[in-house]
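Trainee: My questions will all concern the structure given below.
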Amino acid sequence: MSALVRIEGLGVSFATDAGPVKAVDDVTLSVERGEVLAIVGESGSGKTVTAKTILGLLPSTATTSGAVILSNKAGTSETDVVSLSKKELRAIRGTDVAMVFQEPSTALNPVFPVGWQIIEGLQAHSKISRKEARRKAIDILGRVGIPDPEVRVDHYPHQFSGGQKQRVVIAMALVLEPGLIVADEPTTALDVTVQAEILDLLRRCRDEFGMGIVLITHNMGVVADLADRVAVMYQGNVVEQADVKTLFASPQADYTKALLAAVPYVGHGTVTAEARAANRPADWLEQAPVVEARGLQIEYPGRFGRPPFRAVDGVDFVIRPGEVLGLVGESGSGKTTIGRAIAGLTRVTGGSLQVLGHEMNGIRERRFRPSRSRIGFVFQDPASSFNPLLTIAECVAEPLVIHGRAADASDARQRVNELLEAVQLPSAYGDRFPHELSGGQRQRASLARAIALEPELLIADEPTSALDVSVQARVLELFAELQRGFGFASLFISHDLAVVDILADRIAVMYRGHLVEGGTGAEVLGAPVDPYTKRLLASLPVPDPVAQAERRAELRRIREAG
Amino acid sequence: MTSTTTVSETPGAKPAAPRAAKTPGGGLGRYILIRALLIIPTVFILVTLVFVLMRTTGDPITAALGGRLTADQLQERIAAAGYDRPLIVQYLEYLGQIATGNFGTTISDNRPVVEVLVTYGGATLELAFYSLIVAFLIGIPFGLVAAYFRDKGQDAVLRVFAILCYATPVFFAGMILKLIFSVWLKVLPVAGRASTGAELQMQFLPNPTGLYTIDAIRTGNPAVLADVLAHAVLPSIALGLLTAGVFLRLVRTNVIGTLSTDYVDAARSRGVGEYRLVRTHAYRPALIPIITVIGLQIALLLGGAVLTETTFEWKGLGFMLAEYLQARDFVAVQGIVALLAVIVALTNFVVDILAALIDPRVRY
């Protein structure tokens, strides 16, 4: 049986103002029928460019060399995608190869119903009656697990949840029954429990439809869960190719080894947390907590006559001096709202929230302002949390200037250099602008800004979720080091259990505004009690194909148990 | 894939069901009602502003007749018209009057302002309508072309064209057009809304609407309609080009934005053709911001109408506004400006509704 796609000596370079930039260099890969090939690598490794070449989706600035031999589903014809005309490309897109995108909310056109978009794909390739196309659209929506497809076919994308949207995107890819699906980070934008479902769906595409899948991802857990074979890309080259068990068991290339070592495992943080707990002073439990929430309730006002939305409902927790509380939950669970409320950025509407001795329920901004210097905040997206018109040094100096510790940015430069050194950035980087730093470097600078006033409390809201896994590992290490050095208490918010586990002394799990479970890492991760925590834990794919297969069976049991 | 193996949506997924249960388009009536109610305070504020701005410069009688009458005579007239009373009393009286549709009487030629508005308003609306058509016909297709050929030759040419369009003053463009088409080529009339013969025919109609296109159709005489349309060509182009340039840039920028989105790539990956990608997938979502700006443009269009109307002696509100301003007839000016303000408020209302119809997410 011939391969569905054979990529041979593929090279792609982009024309830029600074001359051509090579994105992919001499890549050779192939995908068989019923096989999932994972291409892993960090941002800029060329994995997405390689995948897009299969559909001929590269922008006009790209120059391609080599060959991409695509076969149709029946295996009766072969074409070299690289040499196809625009019209010929149109004919193979959707029928021979389809694509699933990273962000389901942007992959669907917001102003057309989903059924319309599925039907359009059908009509682009065959003379099919409107009625027949609609029947097919309803059928495929049902098959990817959209309930009530007869009704939902006429709904607009914004009326679906994130996971459902991704199902719709997959339905669009499936409807013309192509032989090959290219899935570009299909689960990155989704919550972990939803991710598990989408991975199941893709697995069914392979097993029941006999499709080949090219899976682009940076998540080694996803690779272990779904892939049959893995190609590791680094700086435009394939550095290693192996079947999935071999790759995880005995990686050959240095880069693969480093990549696997950087992946956080659940359960690895327990030891350090226990060591920290043993070193606490004897009277630690009697010390006044830095943050204490009792029956905390936060509502967002509804729009114009609509009822308010309760984001946080009856939550209790305590953060003691020098302690890291990890707050885990999916998008919309209320975890970010809690972080913002502690920083005084969101109003508390019920219950009690004590922050550094202030009752936040009903506090006035003027009274709280002096305490702001005692709280640091690290945002999720380092790209947008810096003013693009200020240099890094000016950004880091800002809290010092505002709280009167320095007259102006140049006066604070000495201290800024110390801070940059503390986060392992060369002090010369202070003169650069935010866009001149990489994501990881920006997040370090962001940490430097947060600790500039030596806060007693640091709130970190998903500080590493926008970063590559190896960069994430270094930033997490740095965070742990700074926490040891400065001894601040911290609320560390993340959707990733493994990340929280590395840093947190205690973990709290949020679900739909409620705190469903709390305790030390060993308690919550080792012996979860709440059904949601159990499912969350079981949904998290571990970067080990053998163990992951067992976990998948476990997850199925939990789901069936309800 | 059978439904038995279908993985159900877990409780962990975002609650989409309640929103989905709502039929698409539900709540549109409520949305329209809220927008409609918002017109009332908008119009009230606009009318108040016009009144205050007009009266801070003095009373209308002195403005219109000062220097031509003695101080005593002036005072007599001011008192007779009630302009010597406290401003707040006059303001309340003015509000009461316009609430009942009475805009007063012009000072310079002693006509009811309402009659002026009705007679000349039609001409302005007609001009604005034709100009908008010109603007749409030129601005939108060329904007799409420029976006698709971004940074290539076609785009560069169209961008220069757009700048020329909105940087050329209307009266200048109007004079050039007249010079070419009326004086040199002699194919189109120089000025006016219709030739005298055609105007006479339309005047004999029972209840003329003041909208010449409609009246011309009602005469049943193709020659009259041709005459009216020929007169509308140059003013519509002069005014329409101004707006077309803005539309072109607007469409180009927004479509460039939507062309680079995932959903356009996603449609491309389904095998959808390039023309349809631009015309449907990129254009429709791009319309949402475009429609909003178009609402603002209509205000500019009415402002531009003043210049166009005087250039082409197109006897509309703009033309009359200029006449009355010269006569310093503040009562007439006040009425015309208030009407233009109301038109702008109504246009914005319509634009909001259109935006809601295009974007399924705006609905309440």
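We name chains A, B, ... following the order of the structure tokens; residues begin at 1 in each chain, and ligands are numbered from 1 as shown.
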Write down as number ranges by chain the residues belonging to segment 232-479 of chain A that are assigned helix (DSSP H, G or I) by DSSP computed on the backbone.
Mentor: A: 244-249, 254-262, 270-278, 284-286, 335-342, 365-372, 392-402, 413-422, 427-431, 434-436, 439-450, 469-479
Trainee: Using only C-alpha atoms, which residues sit within 7 Å of segment 35-48 of chain A once same-chain residues fewer than 2 positions away are excluded, as a PyMOL selection string?
Mentor: chain A and resi 23-24+31-33+50-52+184+206+212-218+223+227-236+468
Trainee: For C-alpha atoms, I'd like the residues from the last selection saved as a compact mmCIF listing (two decimals), in the first residue's frame.
Mentor:
```txt
# COMPACT_ATOMS: atom_id res chain seq x y z
CA ALA A 23 11.61 28.02 7.53
CA VAL A 24 11.86 24.37 6.48
CA VAL A 31 2.10 9.12 6.33
CA GLU A 32 0.44 5.77 5.72
CA ARG A 33 -3.29 5.03 5.70
CA THR A 50 5.40 21.79 6.71
CA ALA A 51 1.79 20.87 7.41
CA LYS A 52 0.36 23.78 5.44
CA ASP A 184 -2.61 21.89 13.53
CA ARG A 206 -8.22 7.00 12.22
CA GLY A 212 -4.19 9.23 7.99
CA ILE A 213 -3.59 12.16 10.33
CA VAL A 214 -0.74 14.63 10.50
CA LEU A 215 -0.88 15.93 14.05
CA ILE A 216 1.03 19.13 14.71
CA THR A 217 1.57 19.74 18.41
CA HIS A 218 3.98 20.94 21.04
CA VAL A 223 1.66 12.90 21.21
CA ALA A 227 0.43 9.33 17.69
CA ASP A 228 1.70 6.17 16.03
CA ARG A 229 4.87 7.77 14.76
CA VAL A 230 6.64 10.98 15.73
CA ALA A 231 8.85 13.41 13.83
CA VAL A 232 10.69 15.94 15.97
CA MET A 233 11.43 19.23 14.24
CA TYR A 234 13.93 21.82 15.33
CA GLN A 235 14.82 24.99 13.42
CA GLY A 236 13.34 23.75 10.16
CA ASP A 468 7.06 26.81 24.66
```
Trainee: Would you mind telling me which residue in B:Ala135, B:Val118, B:Ala266, B:Leu164 lies nearest to chain A when using only C-alpha atoms?
Mentor: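 Of all the options, B:Ala266 lies closest to chain A.
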Trainee: Please find the residues of chain A near chain B - the criterion being any atom within 6 Å, counting only C-alpha atoms - and write them as a ChimeraX atom specification.
Mentor: /A:90,93-94,106-109,111,121,124,143,145,159-161
Trainee: Restricting the output to N, CA and C atoms, write the selected residues as a tab-separated table (two decimals), in the first residue's frame.
Mentor:
```tsv
chain	number	residue	atom	x	y	z
A	90	ARG	N	-7.39	23.71	-5.53
A	90	ARG	CA	-8.77	23.76	-5.03
A	90	ARG	C	-9.42	22.40	-5.07
A	93	ARG	N	-8.07	20.14	-2.18
A	93	ARG	CA	-8.38	20.60	-0.82
A	93	ARG	C	-9.77	20.15	-0.43
A	94	GLY	N	-9.87	19.50	0.70
A	94	GLY	CA	-11.17	19.04	1.15
A	94	GLY	C	-11.47	17.63	0.72
A	106	THR	N	-11.71	30.84	15.81
A	106	THR	CA	-11.35	31.68	14.66
A	106	THR	C	-11.42	30.90	13.35
A	107	ALA	N	-11.52	29.57	13.43
A	107	ALA	CA	-11.55	28.78	12.20
A	107	ALA	C	-12.95	28.72	11.60
A	108	LEU	N	-13.94	29.22	12.35
A	108	LEU	CA	-15.30	29.26	11.84
A	108	LEU	C	-15.67	30.71	11.57
A	109	ASN	N	-16.24	30.97	10.41
A	109	ASN	CA	-16.64	32.33	10.08
A	109	ASN	C	-17.81	32.75	10.97
A	111	VAL	N	-20.05	34.99	10.94
A	111	VAL	CA	-21.30	35.54	10.43
A	111	VAL	C	-22.12	34.57	9.59
A	121	GLY	N	-18.53	23.70	1.56
A	121	GLY	CA	-17.43	22.81	1.19
A	121	GLY	C	-17.90	21.70	0.26
A	124	ALA	N	-18.58	23.09	-3.18
A	124	ALA	CA	-17.38	23.53	-3.90
A	124	ALA	C	-16.82	22.38	-4.73
A	143	ARG	N	-22.45	12.74	13.75
A	143	ARG	CA	-21.40	11.74	13.91
A	143	ARG	C	-20.20	12.25	14.68
A	145	GLY	N	-20.58	14.09	17.25
A	145	GLY	CA	-21.02	14.23	18.63
A	145	GLY	C	-21.66	15.56	18.96
A	159	GLN	N	-22.67	30.22	19.17
A	159	GLN	CA	-23.65	29.53	20.01
A	159	GLN	C	-23.16	28.15	20.44
A	160	PHE	N	-21.91	27.82	20.08
A	160	PHE	CA	-21.33	26.54	20.48
A	160	PHE	C	-20.23	26.77	21.51
A	161	SER	N	-19.98	25.77	22.37
A	161	SER	CA	-18.86	25.85	23.29
A	161	SER	C	-17.56	25.57	22.52
```
Trainee: Just checking: using only C-alpha atoms, which residue out of B:Leu49, B:Val333, B:Ile163, B:Leu177 ends up closest to Leu117 of chain B?
Mentor: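 Checking each candidate against Leu117 of chain B, we get B:Val333 as the closest.
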Trainee: Between A:Arg364, A:His158, A:His435, A:His268, which is the closest to Leu389 of chain A once you count only C-alpha atoms?
Mentor: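 Looking only at the distances to Leu389 of chain A, the closest residue turns out to be A:His435.
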Trainee: Find the residues around segment 371-387 of chain A up to 7 Å (only C-alpha atoms counted), leave out those fewer than 3 positions away in its own chain, and share them as an NGL selection string.
Mentor: :A and (343 or 368 or 390 or 395 or 403 or 434 or 439 or 442-443 or 446-447 or 450-451 or 453 or 455-466)
Trainee: Write out, as a tab-separated table (two decimals), in the first residue's frame, the residues just selected, with C-alpha atoms.
Mentor:
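Listing of part_24.tsv after writing:
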```
chain	number	residue	atom	x	y	z
A	343	ALA	CA	-5.22	42.47	43.44
A	368	PHE	CA	-6.22	50.08	49.21
A	390	LEU	CA	8.56	52.03	26.80
A	395	CYS	CA	8.58	49.20	32.38
A	403	HIS	CA	5.39	54.20	44.76
A	434	PRO	CA	9.33	44.70	24.52
A	439	GLY	CA	8.29	35.41	24.82
A	442	ARG	CA	9.48	39.08	28.21
A	443	GLN	CA	7.94	36.87	30.87
A	446	SER	CA	7.44	40.65	33.69
A	447	LEU	CA	8.56	38.74	36.77
A	450	ALA	CA	6.32	42.08	39.67
A	451	ILE	CA	9.02	41.64	42.31
A	453	LEU	CA	8.84	46.31	45.22
A	455	PRO	CA	5.97	42.21	47.45
A	456	GLU	CA	4.62	39.97	50.19
A	457	LEU	CA	2.17	38.48	47.72
A	458	LEU	CA	2.62	37.65	44.08
A	459	ILE	CA	-0.32	36.78	41.86
A	460	ALA	CA	0.71	34.88	38.75
A	461	ASP	CA	-2.10	34.33	36.24
A	462	GLU	CA	-1.12	31.59	33.77
A	463	PRO	CA	2.38	33.05	33.46
A	464	THR	CA	3.71	30.20	31.33
A	465	SER	CA	0.77	29.11	29.19
A	466	ALA	CA	1.86	31.25	26.23
```
